[in-house]
Amino acid sequence: MSDDANEPKADGGAASQPVGEELDEPEEHPLEWDEPANNRKAPDERASVSQPSEKDDDRKLVTGEAKYTSDYDEQFPDLAHAEVVRSEIPHGRVVDIDTSEAESMDGVHAVLTPWSDEVPDAKYTSAGQSYPEPSPWDMNVLNERVRYVGDPIAAVAAESAETAAAAAESIAVEYEEDDYVLDPEEAFSEDAPQLFEEDDVENKIVGHDYDRNRMSHIEGEIGDVEAAMEQEDVHVHETEWETIRQSHAQVEKHTSLAYTDEDNRHVLITSTQVPNHTRRQLAHLFDIPIRDIRVKKPRVGGGFGGKQAMVVEPIPLALSLAADRPVMYEASRAEEFYAMRSRHPMKVRARSAVTDDGTIEALELYALSNTGAYGSHGMTVAGNVGSKPMPLYSKVPNVRFEADIVHTNTPQTGAMRGYGAPQGTLALEGHLDEVARDLDLDPVEFRQRHYMEVGDLDEIAGMMGGEGAKRRIRSCGLDECIERGKEAIGWDDIDQPDADHLHRGIGMALSAQGTGVAGDELGAAQIMMNEDGSFHLQVGGVDIGTGADTAFIQIAAEVLGVDEDDIVVRSSDTDTTPFDYGAYASSTTYISGMAVKKAAEDAKERILHWGSKLLDEPAEDLETGGGEVYSEETGDSVSLEEVGFEAAYGDEEREHILGKGTHCTEESPPPFAAQFVDVTVDSETGEFEVNEMAVAVDCGVAINPGMAEGQIEGANHMSYEMAVNDGITFDDEGRAEVRDFDDYEFPTAAESPPIESILVETHEPTGPFGAKSVAEVPTNTVPPALSNAIREAVGVRINEMPITAEKIKRALDE
């Protein structure tokens with residue numbers, strides 16, 4: 001943003017100040033944004049952006065040519081396979097590990113325990129976030145002290161997966177067992193078994209109290225909530241909500257292959273969302289210079305946040321060092337459920353103070369978050385329970401959020417699509433629906449009186465992060481999202497079934513999210529022009545199946561004025577692609593895409609320079625398009641191929657045309673969604689059928705509408721699963737009762753209701769060509785909308801997920 005954009009303006013004109021008078025203070029969060037002229041194009045002027053281009057890797061995926069991590073095994077004839085021995089108790093200490101039988105087996109190349117020289121004893125966090133990590137360093141690669149059933153204890157590398165499994169099975173572990181606690185409310189009591197001593201943890205987080213198993217406590221407030229609650233003319237409402245422990249359930253399991261190359265550098269081919277963070281964390285853990293570690297991301301078969309962490313990479317690297325050969329570790333499907341990551345299950349309490357006429361005087365959320373055995377992502381996810389959904393109602397004057405993040409002897413939780421916002425959205429949107437019904441208010445109009453509009457200064461998102469976290473809302477399509485969603489679902493035209501025991505209802509919920517992490521992102525890109533006028537785009541942004549590579553190509557093609565087929569994209573190899581924080585927080589198109597746009601603009605400047613030489617016209621009179629440089633004055637043109645050969649082989653001057661771009665920003669513009677769910681409920685049995693779901697999303701300008709709609713539908717399906725699936729449950733001894741997809745029983749495509757996805761186009765001036773995020777915001781809304789629909793249909797409230805026929809019937813009977 002230029003300095004001019006910070007100056008005060010009146011009536012849309014330029015700022016002026018009489019000579020000699022003191023300048024006014026600049027506006028800290030201006031509505032107007034110093035947007036490049038080429039960033040705002042009418043739909044009919046867009047050549048690549050906003051077009052439903054074929055996903056760059058679609059054909060490779062359907063033909064089986066796309067290479068995932070496990071497909072690289074053929075390149076390593078001496079590859080060893082890894083197996084991990086995991087704790088069979090929820091809490092205790094490993095007294096002895098007998099590895100003698102495993103070590104004597106033919107084909108076993110290495111056996112590691114917590115006491116092996118190759119196993120680092122340094123503490124770390126697996127959270128793949130910024131530096132320094134906002135999570136405690138409370139983990140070890142292999143554990144002497146175990147804190148959940150599934151904690152890694154020992155590891156084996158052998159010539160085959162079968163031999164490795166047999167060797168791991170032969171290892172005998174002797175434990176000294178401790179008392180354990182599985183419920184977060186019990187864990188938070190003073191007499192509960194204690195998971196950590198103070199000395200067990202480095203980089204402790206604000207609000208920690210390990211005597212009570214609290215990893216962190218966070219809170220923030222605007223105004224005075226208690227004073228507002230105590231006013232005589234308000235109705236105080238309180239509701240409580242509970243969410244499930246949801247699995248990412250990605251098709252590709254966590255897989256990582258480690259080896260040492262001919263330069264004695266350590267290389268990991270790994271399914272990850274955060275290659276550069278993984279490189280940095282491995283360097284810390286193994287005390288290896290960053291320059292000597294290379295992380296390569298091939299195709300990723302789904303991440304959803306589960307691979308936004310260094311989950312498995314240290315184990316194959318340690319085994320590779322011990323075995324002196326390449327080692328690949330591929331988690332089992334059972335391990336995915338009980339030993340990797342999941343969504344944080346939470347209990348959330350909502351309170352509000354509302355006047356008779358429906359004015360919200362105060363809102364408050366309190367979250368008790370179960371972070372499991374370790375604390376990666378614990379504080380930041382819990383913070384988003386408040387900082388994502390509550391800013392939606394920016395006109396409420398008194399707002400408070402508080403959270404306790406508590407350890408239990410269950411598998412550690414982590415990042416997952418929505419990142420705390422689904423838990424908070426359920427509580428807030430369900431609560432507001434209940435308030436509207438209690439006060440006989442229209443649930444839509446009640447929300448509209450208080451929600452964000454263009455021009456609002458959102459202070460709520462920053463109430464725990466200081467002044468710099470405030471944001472000006474420069475794009476908001478909520479009104480259109482609601483109107484189009486109502487029309488799609490038939491909000492004003494609902495027919496009740498003929499049978500007396502069947503009742504139909506429509507519920508709605510709103511959602512806001514973020515686009516990246518304000519002030520804490522970095523993306524970079526480089527584009528190289530070949531002699532024939534084609535391009536190689538190198539970008540650190542990570543495509544995890546979302547189509548990010550395709551969006552990058554479209555952005556570059558729009559700037560350069562070339563066909564998308566003329567751009568080859570390569571992403572996410574820490575040796576050969578520029579630095580990028582990775583794929584999380586819905587930042588990829590917004591942050592990495594803007595870096596691509598800047599790189600393409602940088603290359604275009606040099607292309608116009610060479611076009612000027614060939615056409616003998618000023619560069620400022622030239623433009624690119626259709627694979628040419630052409631004069632807007634004379635109409636003369638030269639092809640990009642002519643430009644490329646002249647630049648590379650010219651007589652007097654030569655240049656390899658390169659464009660470079662780096663992008664970071666203090667901005668995090670919210671996308672918005674309006675969710676509608678149509679349900680029919682049997683009041684005799686509690687059984688229900690979701691007839692249809694419609695979700696309208698304001699994601700700014702959709703770079704690729706087809707991919708954006710796919711993101712919306714996938715997110716809404718994941719949200720539906722969160723509403724109706726049990727999630728990962730445990731027996732009384734802390735063992736996961738889910739070990740495969742059959743146990744998990746998430747809704748298949750055939751079992752899911754129809755989803756109508758609606759794109760509402762606005763223009764976000766801080767994003768590439770007006771884009772902001774889309775992938776997470778529809779993940780937040782089905783649980784509250786379904787709860788609200790059932791409340792509308794049969795008059796009972798289900799506030800504990802999952803929503804089941806048994807819970808509905810029990811509520812009706814009561």
# chains A, B, ... in the order shown; residues from 1 in each chain; ligands from 1
call {"tool": "residues_around", "arguments": {"residues": "Val697 of chain A", "least_positions_apart": "5", "cutoff": "12 Å", "atoms": "only C-alpha atoms", "output": "NGL selection string"}}
result
:A and (476-485 or 510-513 or 670-676 or 702 or 705 or 708-709 or 711-713 or 715-716 or 756-762 or 772-781)
call {"tool": "select_by_dssp", "arguments": {"residues": "segment 455-546 of chain A", "states": "helix (DSSP H, G or I)", "output": "PyMOL selection string"}}
result
chain A and resi 460-462+467-469+478-489
call {"tool": "select_by_dssp", "arguments": {"residues": "segment 176-403 of chain A", "states": "strand (DSSP E)", "output": "PyMOL selection string"}}
result
chain A and resi 176-177+214-222+234-242+255-260+266-270+293-296+327-330+346-355+360-372+398-403
call {"tool": "residues_around", "arguments": {"residues": "segment 106-112 of chain A", "least_positions_apart": "5", "cutoff": "7 Å", "atoms": "only C-alpha atoms", "output": "list in words"}}
result
Ala154, Ala155, Val156, Ala157, Ala158, Glu159, Thr163, Ala164, Leu319, Ala322 and Ala323 of chain A
call {"tool": "closest_residue", "arguments": {"among": "A:Met508, A:Val738, A:Ile460, A:Val141", "to": "Tyr338 of chain A", "atoms": "only C-alpha atoms"}}
result
A:Val738
call {"tool": "closest_residue", "arguments": {"among": "A:Met594, A:Val381, A:Val84, A:Ala367", "to": "Ala166 of chain A", "atoms": "only C-alpha atoms"}}
result
A:Val84
call {"tool": "residues_around", "arguments": {"residues": "Arg343 of chain A", "least_positions_apart": "2", "cutoff": "9 Å", "atoms": "only C-alpha atoms", "output": "mmCIF file with N, CA, C and O atoms, in the first residue's frame"}}
result
data_model
loop_
_atom_site.group_PDB
_atom_site.id
_atom_site.type_symbol
_atom_site.label_atom_id
_atom_site.label_comp_id
_atom_site.auth_asym_id
_atom_site.auth_seq_id
_atom_site.Cartn_x
_atom_site.Cartn_y
_atom_site.Cartn_z
ATOM 1 N N ILE A 244 -17.595 -32.841 17.828
ATOM 2 C CA ILE A 244 -16.961 -34.153 17.766
ATOM 3 C C ILE A 244 -15.458 -34.031 17.503
ATOM 4 O O ILE A 244 -14.952 -32.978 17.142
ATOM 5 N N ARG A 245 -14.767 -35.145 17.693
ATOM 6 C CA ARG A 245 -13.373 -35.291 17.254
ATOM 7 C C ARG A 245 -13.424 -35.844 15.830
ATOM 8 O O ARG A 245 -13.627 -37.031 15.602
ATOM 9 N N GLN A 246 -13.244 -34.974 14.872
ATOM 10 C CA GLN A 246 -13.424 -35.335 13.466
ATOM 11 C C GLN A 246 -12.089 -35.723 12.837
ATOM 12 O O GLN A 246 -11.062 -35.088 13.096
ATOM 13 N N SER A 247 -12.112 -36.744 12.000
ATOM 14 C CA SER A 247 -10.921 -37.171 11.270
ATOM 15 C C SER A 247 -10.832 -36.442 9.933
ATOM 16 O O SER A 247 -11.846 -36.126 9.309
ATOM 17 N N HIS A 248 -9.600 -36.195 9.486
ATOM 18 C CA HIS A 248 -9.405 -35.608 8.156
ATOM 19 C C HIS A 248 -9.822 -36.591 7.064
ATOM 20 O O HIS A 248 -10.281 -36.179 6.000
ATOM 21 N N GLY A 306 -4.439 -31.866 8.122
ATOM 22 C CA GLY A 306 -3.782 -32.993 8.785
ATOM 23 C C GLY A 306 -2.309 -33.097 8.457
ATOM 24 O O GLY A 306 -1.545 -33.721 9.197
ATOM 25 N N ARG A 341 -3.642 -36.989 13.537
ATOM 26 C CA ARG A 341 -4.242 -35.753 14.010
ATOM 27 C C ARG A 341 -5.744 -35.794 13.782
ATOM 28 O O ARG A 341 -6.247 -36.607 13.012
ATOM 29 N N PRO A 345 -12.028 -31.652 19.679
ATOM 30 C CA PRO A 345 -13.384 -31.662 20.233
ATOM 31 C C PRO A 345 -13.494 -30.581 21.303
ATOM 32 O O PRO A 345 -12.560 -30.350 22.074
ATOM 33 N N THR A 413 -4.537 -33.554 18.919
ATOM 34 C CA THR A 413 -5.330 -32.940 17.868
ATOM 35 C C THR A 413 -4.441 -31.992 17.074
ATOM 36 O O THR A 413 -3.252 -31.868 17.340
ATOM 37 N N GLY A 414 -5.002 -31.322 16.083
ATOM 38 C CA GLY A 414 -4.164 -30.456 15.261
ATOM 39 C C GLY A 414 -4.996 -29.551 14.383
ATOM 40 O O GLY A 414 -6.167 -29.283 14.654
ATOM 41 N N ALA A 415 -4.375 -29.088 13.317
ATOM 42 C CA ALA A 415 -5.066 -28.219 12.360
ATOM 43 C C ALA A 415 -6.060 -29.047 11.558
ATOM 44 O O ALA A 415 -5.786 -30.173 11.167
ATOM 45 N N MET A 416 -7.231 -28.475 11.325
ATOM 46 C CA MET A 416 -8.193 -29.083 10.414
ATOM 47 C C MET A 416 -9.029 -27.990 9.785
ATOM 48 O O MET A 416 -9.311 -26.962 10.403
ATOM 49 N N ARG A 417 -9.398 -28.212 8.565
ATOM 50 C CA ARG A 417 -10.153 -27.264 7.750
ATOM 51 C C ARG A 417 -11.186 -26.504 8.588
ATOM 52 O O ARG A 417 -12.070 -27.103 9.202
ATOM 53 N N TYR A 419 -10.320 -24.695 11.239
ATOM 54 C CA TYR A 419 -9.341 -24.311 12.259
ATOM 55 C C TYR A 419 -9.978 -23.556 13.425
ATOM 56 O O TYR A 419 -9.621 -22.428 13.735
ATOM 57 N N GLY A 420 -10.944 -24.193 14.080
ATOM 58 C CA GLY A 420 -11.604 -23.584 15.228
ATOM 59 C C GLY A 420 -12.891 -22.874 14.888
ATOM 60 O O GLY A 420 -13.787 -22.759 15.731
#
call {"tool": "closest_residue", "arguments": {"among": "A:His91, A:Ile494, A:Ser376, A:Glu667", "to": "Ala518 of chain A", "atoms": "only C-alpha atoms"}}
result
A:Glu667
call {"tool": "closest_residue", "arguments": {"among": "A:Gly303, A:Glu792, A:His29, A:Lys613", "to": "Ala436 of chain A", "atoms": "only C-alpha atoms"}}
result
A:Glu792
call {"tool": "closest_residue", "arguments": {"among": "A:Gly727, A:Gly659, A:Pro134, A:Pro397", "to": "Ser352 of chain A", "atoms": "only C-alpha atoms"}}
result
A:Pro397
call {"tool": "closest_residue", "arguments": {"among": "A:Leu608, A:Leu786, A:Val690, A:Val348", "to": "Glu751 of chain A", "atoms": "only C-alpha atoms"}}
result
A:Val690
call {"tool": "closest_atom_pairs", "arguments": {"of": "segment 378-494 of chain A", "to": "segment 208-215 of chain A", "cutoff": "6 Å", "atoms": "only C-alpha atoms", "output": "JSON lines"}}
result
{"residue": "A:Ile405", "atom": "CA", "partner": "A:Met215", "partner_atom": "CA", "distance": 5.6}
{"residue": "A:Val406", "atom": "CA", "partner": "A:Arg214", "partner_atom": "CA", "distance": 4.4}
{"residue": "A:His407", "atom": "CA", "partner": "A:Asn213", "partner_atom": "CA", "distance": 5.3}
call {"tool": "residues_around", "arguments": {"residues": "Gln412 of chain A", "least_positions_apart": "3", "cutoff": "8 Å", "atoms": "only C-alpha atoms", "output": "ChimeraX atom specification"}}
result
/A:339-342,371-376
call {"tool": "write_last_selection", "arguments": {"atoms": "N, CA, C and O atoms", "output": "PDB file, in the first residue's frame"}}
result
ATOM      1  N   ALA A 339      -3.381 -42.229  15.755  1.00  0.00           N
ATOM      2  CA  ALA A 339      -2.031 -41.755  16.063  1.00  0.00           C
ATOM      3  C   ALA A 339      -1.608 -40.520  15.285  1.00  0.00           C
ATOM      4  O   ALA A 339      -0.493 -40.044  15.486  1.00  0.00           O
ATOM      5  N   MET A 340      -2.441 -40.012  14.407  1.00  0.00           N
ATOM      6  CA  MET A 340      -2.039 -38.843  13.622  1.00  0.00           C
ATOM      7  C   MET A 340      -2.691 -37.597  14.216  1.00  0.00           C
ATOM      8  O   MET A 340      -2.364 -37.175  15.296  1.00  0.00           O
ATOM      9  N   ARG A 341      -3.642 -36.989  13.537  1.00  0.00           N
ATOM     10  CA  ARG A 341      -4.242 -35.753  14.010  1.00  0.00           C
ATOM     11  C   ARG A 341      -5.744 -35.794  13.782  1.00  0.00           C
ATOM     12  O   ARG A 341      -6.247 -36.607  13.012  1.00  0.00           O
ATOM     13  N   SER A 342      -6.469 -34.916  14.451  1.00  0.00           N
ATOM     14  CA  SER A 342      -7.919 -34.817  14.290  1.00  0.00           C
ATOM     15  C   SER A 342      -8.350 -33.410  14.673  1.00  0.00           C
ATOM     16  O   SER A 342      -7.559 -32.614  15.187  1.00  0.00           O
ATOM     17  N   THR A 371      -7.042 -30.607  23.673  1.00  0.00           N
ATOM     18  CA  THR A 371      -5.905 -30.642  22.759  1.00  0.00           C
ATOM     19  C   THR A 371      -5.247 -32.008  22.707  1.00  0.00           C
ATOM     20  O   THR A 371      -4.324 -32.225  21.928  1.00  0.00           O
ATOM     21  N   GLY A 372      -5.718 -32.954  23.534  1.00  0.00           N
ATOM     22  CA  GLY A 372      -5.126 -34.283  23.554  1.00  0.00           C
ATOM     23  C   GLY A 372      -3.801 -34.285  24.288  1.00  0.00           C
ATOM     24  O   GLY A 372      -3.534 -33.446  25.154  1.00  0.00           O
ATOM     25  N   ALA A 373      -2.934 -35.218  23.923  1.00  0.00           N
ATOM     26  CA  ALA A 373      -1.711 -35.446  24.688  1.00  0.00           C
ATOM     27  C   ALA A 373      -0.678 -34.353  24.485  1.00  0.00           C
ATOM     28  O   ALA A 373       0.164 -34.121  25.366  1.00  0.00           O
ATOM     29  N   TYR A 374      -0.693 -33.663  23.352  1.00  0.00           N
ATOM     30  CA  TYR A 374       0.318 -32.642  23.056  1.00  0.00           C
ATOM     31  C   TYR A 374      -0.365 -31.377  22.535  1.00  0.00           C
ATOM     32  O   TYR A 374      -1.531 -31.396  22.149  1.00  0.00           O
ATOM     33  N   GLY A 375       0.387 -30.294  22.506  1.00  0.00           N
ATOM     34  CA  GLY A 375      -0.243 -28.992  22.339  1.00  0.00           C
ATOM     35  C   GLY A 375      -0.132 -28.331  20.986  1.00  0.00           C
ATOM     36  O   GLY A 375      -0.464 -27.154  20.865  1.00  0.00           O
ATOM     37  N   SER A 376       0.329 -29.037  19.957  1.00  0.00           N
ATOM     38  CA  SER A 376       0.500 -28.381  18.658  1.00  0.00           C
ATOM     39  C   SER A 376      -0.842 -27.865  18.152  1.00  0.00           C
ATOM     40  O   SER A 376      -1.835 -28.583  18.150  1.00  0.00           O
TER      41      SER A 376
END
